[in-house]
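See below for upload-v3.cif, which holds mmCIF, C-alpha atoms.
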data_final
#
loop_
_atom_site.label_atom_id
_atom_site.label_comp_id
_atom_site.auth_asym_id
_atom_site.auth_seq_id
_atom_site.Cartn_x
_atom_site.Cartn_y
_atom_site.Cartn_z
CA MET R 463 -119.01 9.35 -21.97
CA GLY R 464 -115.33 9.46 -21.19
CA MET R 465 -113.03 6.89 -22.69
CA ALA R 466 -112.01 4.15 -20.23
CA LEU R 467 -108.32 4.05 -19.50
CA GLU R 468 -106.57 0.79 -20.29
CA LYS R 469 -103.26 -0.44 -19.05
CA PRO R 470 -100.85 -0.42 -22.02
CA LYS R 471 -99.54 -3.83 -23.02
CA LEU R 472 -95.82 -4.38 -22.68
CA PHE R 473 -95.89 -6.64 -25.73
CA PRO R 474 -98.69 -5.66 -28.15
CA GLN R 475 -98.19 -8.85 -30.18
CA ARG R 476 -97.23 -12.41 -29.31
CA LYS R 477 -94.56 -12.26 -31.98
CA THR R 478 -92.84 -9.37 -30.17
CA PHE R 479 -92.94 -11.30 -26.89
CA PHE R 480 -91.51 -14.39 -28.59
CA TRP R 481 -88.57 -12.44 -30.09
CA PHE R 482 -87.87 -10.72 -26.76
CA VAL R 483 -87.80 -14.02 -24.81
CA SER R 484 -85.69 -15.67 -27.54
CA SER R 485 -83.19 -12.79 -27.42
CA VAL R 486 -82.88 -12.99 -23.61
CA ILE R 487 -82.39 -16.78 -23.72
CA LEU R 488 -79.78 -16.42 -26.48
CA LEU R 489 -77.87 -13.79 -24.45
CA ILE R 490 -77.92 -16.03 -21.35
CA ILE R 491 -76.64 -19.01 -23.38
CA LEU R 492 -73.84 -16.92 -24.93
CA ARG R 493 -72.87 -15.60 -21.50
CA LEU R 494 -72.77 -19.12 -20.05
CA ILE R 495 -70.64 -20.34 -22.97
CA PHE R 496 -68.19 -17.46 -22.36
CA LEU R 497 -68.06 -18.20 -18.61
CA TYR R 498 -67.63 -21.93 -19.23
CA GLN R 499 -64.64 -21.25 -21.50
CA ASN R 500 -63.12 -19.08 -18.74
CA TYR R 501 -63.83 -21.87 -16.25
CA GLN R 502 -62.12 -24.49 -18.42
CA ALA R 503 -59.08 -22.23 -18.85
CA PHE R 504 -59.01 -21.59 -15.08
CA ILE R 505 -59.07 -25.23 -13.92
CA SER R 506 -56.62 -26.36 -16.63
CA LYS R 507 -53.79 -24.14 -15.32
CA PRO R 508 -51.41 -25.68 -12.76
CA PHE R 509 -51.35 -22.36 -10.89
CA TYR R 510 -52.69 -18.87 -11.27
CA TYR R 511 -51.68 -15.48 -9.79
CA THR R 512 -54.16 -12.87 -8.64
CA ASN R 513 -54.55 -9.93 -6.27
CA ALA R 514 -57.46 -10.26 -3.86
CA THR R 515 -59.00 -8.22 -1.05
CA VAL R 516 -59.93 -10.01 2.19
CA ILE R 517 -63.68 -9.72 2.77
CA THR R 518 -63.71 -11.63 6.04
CA SER R 519 -61.62 -14.13 8.00
CA TYR R 520 -62.27 -16.52 10.86
CA GLU R 521 -60.42 -19.26 12.73
CA LYS R 522 -61.22 -22.99 12.61
CA THR R 523 -59.78 -26.08 14.30
CA LYS R 524 -59.34 -29.50 12.70
CA HIS R 525 -57.46 -32.43 14.26
CA ASP R 526 -56.20 -30.10 17.03
CA LYS R 527 -54.65 -27.79 14.43
CA ARG R 528 -55.79 -24.19 14.06
CA TYR R 529 -56.00 -22.40 10.73
CA GLN R 530 -57.72 -19.37 9.24
CA VAL R 531 -60.43 -19.40 6.59
CA LEU R 532 -60.31 -16.34 4.31
CA LYS R 533 -63.10 -15.14 2.07
CA LEU R 534 -61.60 -13.06 -0.74
CA LYS R 535 -62.61 -11.09 -3.79
CA SER R 536 -60.10 -11.02 -6.64
CA GLU R 537 -59.46 -7.99 -8.82
CA GLU R 538 -61.31 -9.86 -11.60
CA GLY R 539 -64.46 -9.91 -9.43
CA PHE R 540 -64.14 -13.61 -8.52
CA THR R 541 -65.17 -14.50 -4.93
CA PHE R 542 -63.63 -17.56 -3.27
CA TYR R 543 -62.47 -19.14 0.00
CA THR R 544 -58.98 -20.27 0.92
CA THR R 545 -57.13 -21.30 4.08
CA THR R 546 -53.83 -20.40 5.71
CA HIS R 547 -51.95 -21.56 8.81
CA ARG R 548 -50.54 -18.07 9.41
CA LYS R 549 -51.68 -16.63 12.75
CA GLU R 550 -51.62 -12.94 11.80
CA SER R 551 -54.71 -10.84 11.13
CA PHE R 552 -55.73 -10.48 7.49
CA ASN R 553 -58.51 -7.93 7.96
CA HIS R 554 -58.21 -4.81 5.76
CA LYS R 555 -55.52 -6.41 3.60
CA ARG R 556 -54.93 -7.01 -0.09
CA LEU R 557 -53.08 -10.24 -0.86
CA ARG R 558 -51.00 -11.39 -3.79
CA LEU R 559 -51.90 -15.08 -4.12
CA GLN R 560 -50.74 -18.07 -6.07
CA LEU R 561 -53.89 -20.15 -6.66
CA PHE R 562 -53.90 -23.88 -7.36
CA PRO R 563 -57.20 -24.65 -9.12
CA ASN R 564 -58.17 -28.22 -10.01
CA GLU R 565 -60.98 -30.19 -11.62
CA SER R 566 -62.72 -30.78 -8.28
CA ILE R 567 -64.09 -27.24 -8.63
CA SER R 568 -67.40 -27.59 -10.47
CA PHE R 569 -68.73 -25.03 -12.94
CA LYS R 570 -71.57 -24.25 -10.51
CA GLU R 571 -69.06 -23.57 -7.70
CA TYR R 572 -67.00 -21.42 -10.09
CA LEU R 573 -70.07 -19.27 -10.78
CA GLY R 574 -70.76 -18.93 -7.05
CA THR R 575 -68.18 -19.11 -4.26
CA CYS R 576 -65.74 -22.01 -4.15
CA TYR R 577 -62.72 -23.16 -2.16
CA ILE R 578 -59.29 -22.88 -3.84
CA LYS R 579 -55.92 -23.89 -2.39
CA SER R 580 -53.48 -21.00 -2.38
CA LYS R 581 -50.14 -19.65 -1.21
CA ILE R 582 -49.76 -16.07 0.03
CA LYS R 583 -46.91 -14.34 -1.81
CA HIS R 584 -47.32 -10.75 -0.64
CA GLN R 585 -49.69 -8.64 1.44
CA GLU R 586 -50.41 -4.97 1.93
CA ILE R 587 -52.57 -3.11 4.42
CA LEU R 588 -55.44 -1.21 2.83
CA PRO R 589 -56.21 2.35 4.00
CA LEU R 590 -59.21 2.47 6.34
CA THR R 591 -62.49 3.71 4.92
CA GLN R 592 -64.87 5.87 6.96
CA LYS R 593 -67.00 2.80 7.72
CA GLU R 594 -63.98 0.79 8.87
CA THR R 595 -62.94 3.66 11.15
CA LEU R 596 -66.42 3.58 12.72
CA LEU R 597 -66.23 -0.21 13.11
CA ARG R 598 -62.90 0.08 14.92
CA TYR R 599 -64.37 2.78 17.16
CA VAL R 600 -67.28 0.47 18.10
CA ASN R 601 -64.82 -2.40 18.71
CA ALA R 602 -62.81 -0.18 21.07
CA GLN R 603 -65.93 0.39 23.21
CA HIS R 604 -66.28 -3.32 24.08
CA LYS R 605 -63.86 -5.64 25.83
CA ASN R 606 -65.84 -8.67 24.61
CA ALA R 607 -65.07 -9.34 20.91
CA ALA R 608 -68.38 -11.20 20.39
CA LEU R 609 -70.35 -8.23 21.75
CA ALA R 610 -68.43 -5.83 19.49
CA SER R 611 -69.16 -8.09 16.51
CA PHE R 612 -72.86 -8.14 17.46
CA TYR R 613 -73.13 -4.32 17.68
CA ASN R 614 -71.30 -3.88 14.37
CA ALA R 615 -73.73 -6.32 12.75
CA ILE R 616 -76.75 -4.52 14.24
CA PHE R 617 -75.69 -1.00 13.25
CA PHE R 618 -73.55 -1.54 10.15
CA ALA R 619 -74.80 -4.91 8.78
CA THR R 620 -71.30 -6.44 8.94
CA PRO R 621 -70.72 -10.23 9.03
CA ILE R 622 -70.96 -11.64 12.55
CA ASP R 623 -68.16 -13.66 14.10
CA LYS R 624 -68.71 -17.34 13.18
CA LYS R 625 -68.95 -18.60 16.77
CA LEU R 626 -71.51 -15.91 17.63
CA ARG R 627 -73.38 -16.59 14.37
CA ASP R 628 -73.69 -20.27 15.32
CA GLU R 629 -75.00 -19.33 18.79
CA ILE R 630 -77.56 -16.91 17.30
CA ALA R 631 -78.65 -19.58 14.78
CA LEU R 632 -79.05 -22.05 17.66
CA LEU R 633 -81.43 -19.59 19.36
CA GLY R 634 -83.36 -19.22 16.08
CA VAL R 635 -83.17 -15.39 15.93
CA SER R 636 -80.81 -14.93 12.95
CA HIS R 637 -83.55 -13.21 10.94
CA LEU R 638 -84.06 -10.60 13.68
CA VAL R 639 -80.37 -9.70 13.66
CA ALA R 640 -80.36 -9.43 9.85
CA LEU R 641 -83.48 -7.22 9.80
CA SER R 642 -82.20 -5.06 12.65
CA GLY R 643 -78.90 -4.47 10.87
CA PHE R 644 -80.66 -3.50 7.65
CA HIS R 645 -83.19 -1.14 9.24
CA LEU R 646 -80.78 0.43 11.72
CA GLY R 647 -78.33 1.00 8.86
CA ILE R 648 -81.00 2.95 6.96
CA LEU R 649 -82.05 4.86 10.10
CA TRP R 650 -78.42 5.74 10.91
CA GLY R 651 -77.89 6.94 7.32
CA LEU R 652 -80.96 9.21 7.52
CA VAL R 653 -79.97 10.65 10.92
CA TYR R 654 -76.37 11.19 9.75
CA GLY R 655 -77.60 12.89 6.55
CA PHE R 656 -79.97 15.12 8.54
CA PHE R 657 -77.26 16.32 10.93
CA THR R 658 -74.81 16.82 8.06
CA VAL R 659 -77.27 19.22 6.38
CA VAL R 660 -78.33 20.98 9.61
CA LEU R 661 -74.86 21.37 11.08
#

Would it be possible to restate this file's structure as structure tokens?
Amino acid sequence: MGMALEKPKLFPQRKTFFWFVSSVILLIILRLIFLYQNYQAFISKPFYYTNATVITSYEKTKHDKRYQVLKLKSEEGFTFYTTTHRKESFNHKRLRLQLFPNESISFKEYLGTCYIKSKIKHQEILPLTQKETLLRYVNAQHKNAALASFYNAIFFATPIDKKLRDEIALLGVSHLVALSGFHLGILWGLVYGFFTVVL
């Protein structure tokens, strides 16, 4: 008779499992302590300078006043929101910012994405990547900005314009747009790779 195959155990002994779990928990606690110290240092400063790349921007209106909301990623890897009353476009730009953190920012928000008041000190236009060149090409094909935003989201999984996103959410088909963007992105990558090899 042949010997029956058994699935090997990841942890042959309970003691090994216990030490592994204890080590992981200890590492998480140490990491959180380190991040909390950084958080305390961050909110205790009256102001803070950083360079950040604009991920996305959109316009909002409050009390009949228009302003822009910017989502940024700092060179330290910190993602946050800020606002500005400047009317220029901030897409494809790197900004030098003076941040004004305060104690209203919770540790949980610091770990995720929070809002921070800021003042723009300097800005520079980033060189266009191949993807951004394609996005601009798609935008040029449509007179309607919302339609261009929709096609870019479908084919390149880019963030949709806020107004259009609200309308899509109202129709209850947000998940279809997200899935379409993901799958069409993969399909486009495969087709592009195929033609690159063939041609």

Given only C-alpha atoms as the basis, pick out the residue of R:Lys524, R:Arg558, R:Asn513, R:Ala602 nearest to Gly539 of chain R. R:Asn513

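The coordinates place atom CA of Tyr520 of chain R at 16.4 Å from atom CA of Cys576 of chain R.
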
Could you build a table of the residues in segment 533-562 of chain R lying no more than 12 Å from segment 589-594 of chain R, giving for each the nearest pair of atoms and their separation in Å rounded to one decimal place, using only C-alpha atoms, ordered by chain and ascending residue number, as JSON lines?
{"residue": "R:Asn553", "atom": "CA", "partner": "R:Glu594", "partner_atom": "CA", "distance": 10.3}
{"residue": "R:His554", "atom": "CA", "partner": "R:Leu590", "partner_atom": "CA", "distance": 7.4}
{"residue": "R:Lys555", "atom": "CA", "partner": "R:Pro589", "partner_atom": "CA", "distance": 8.8}
{"residue": "R:Arg556", "atom": "CA", "partner": "R:Pro589", "partner_atom": "CA", "distance": 10.3}

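Atom CA of Leu497 of chain R is positioned 21.1 Å from atom CA of Val483 of chain R.
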
Pick out the closest residue to Leu494 of chain R from this set: R:Gln475, R:Lys570, R:Lys549, R:Leu557. Count all atoms listed in the file. R:Lys570

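For the residues R:Ser551, R:Ser536, R:Thr658, R:Gln499, ranking by smallest atom-to-atom distance to Tyr511 of chain R using all atoms listed in the file places R:Ser536 first.
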
The distance between atom CA of Ile505 of chain R and atom CA of Thr575 of chain R is 14.6 Å

Which residues are near Tyr498 of chain R? Cut-off 10 Å, only C-alpha atoms, ignore same chain within fewer than 3 positions. Put them as a PDB file with C-alpha atoms, in the coordinates of the input.
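Output saved as selection_8.pdb:
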ATOM      1  CA  LEU R 492     -73.840 -16.920 -24.930  1.00  0.00           C
ATOM      2  CA  ARG R 493     -72.870 -15.600 -21.500  1.00  0.00           C
ATOM      3  CA  LEU R 494     -72.770 -19.120 -20.050  1.00  0.00           C
ATOM      4  CA  ILE R 495     -70.640 -20.340 -22.970  1.00  0.00           C
ATOM      5  CA  TYR R 501     -63.830 -21.870 -16.250  1.00  0.00           C
ATOM      6  CA  GLN R 502     -62.120 -24.490 -18.420  1.00  0.00           C
ATOM      7  CA  ALA R 503     -59.080 -22.230 -18.850  1.00  0.00           C
ATOM      8  CA  PHE R 504     -59.010 -21.590 -15.080  1.00  0.00           C
ATOM      9  CA  PHE R 569     -68.730 -25.030 -12.940  1.00  0.00           C
ATOM     10  CA  LYS R 570     -71.570 -24.250 -10.510  1.00  0.00           C
ATOM     11  CA  TYR R 572     -67.000 -21.420 -10.090  1.00  0.00           C
ATOM     12  CA  LEU R 573     -70.070 -19.270 -10.780  1.00  0.00           C
TER      13      LEU R 573
END

Between R:Asp526, R:Ala610, R:Phe552, R:Leu652, which residue has the minimum interatomic distance to Leu588 of chain R, considering all atoms listed in the file? R:Phe552

Report the residues retrieved by the PyMOL selection byres ((chain R and resi 545) around 10) from the displayed file, expressed as a PyMOL selection string. chain R and resi 519-522+529-533+543-544+546-548+577-582

Go through R:Asn601, R:Thr478, R:Asn564, R:Thr541 and flag the residue nearest Thr518 of chain R, using all atoms listed in the file for the distances. R:Thr541

Of the candidates R:Glu586, R:Ile622, R:Phe617, R:Lys507, which one gets nearest to Glu565 of chain R if we count only C-alpha atoms? R:Lys507

Can you turn the PyMOL selection byres ((chain R and resi 613) around 10) into a concrete residue list for this file, as a PDB file with C-alpha atoms, keeping the file's coordinate frame?
ATOM      1  CA  LEU R 597     -66.230  -0.210  13.110  1.00  0.00           C
ATOM      2  CA  VAL R 600     -67.280   0.470  18.100  1.00  0.00           C
ATOM      3  CA  ASN R 601     -64.820  -2.400  18.710  1.00  0.00           C
ATOM      4  CA  HIS R 604     -66.280  -3.320  24.080  1.00  0.00           C
ATOM      5  CA  ALA R 608     -68.380 -11.200  20.390  1.00  0.00           C
ATOM      6  CA  LEU R 609     -70.350  -8.230  21.750  1.00  0.00           C
ATOM      7  CA  ALA R 610     -68.430  -5.830  19.490  1.00  0.00           C
ATOM      8  CA  SER R 611     -69.160  -8.090  16.510  1.00  0.00           C
ATOM      9  CA  PHE R 612     -72.860  -8.140  17.460  1.00  0.00           C
ATOM     10  CA  ASN R 614     -71.300  -3.880  14.370  1.00  0.00           C
ATOM     11  CA  ALA R 615     -73.730  -6.320  12.750  1.00  0.00           C
ATOM     12  CA  ILE R 616     -76.750  -4.520  14.240  1.00  0.00           C
ATOM     13  CA  PHE R 617     -75.690  -1.000  13.250  1.00  0.00           C
ATOM     14  CA  PHE R 618     -73.550  -1.540  10.150  1.00  0.00           C
ATOM     15  CA  ALA R 619     -74.800  -4.910   8.780  1.00  0.00           C
ATOM     16  CA  THR R 620     -71.300  -6.440   8.940  1.00  0.00           C
ATOM     17  CA  ILE R 622     -70.960 -11.640  12.550  1.00  0.00           C
ATOM     18  CA  VAL R 639     -80.370  -9.700  13.660  1.00  0.00           C
ATOM     19  CA  GLY R 643     -78.900  -4.470  10.870  1.00  0.00           C
TER      20      GLY R 643
END
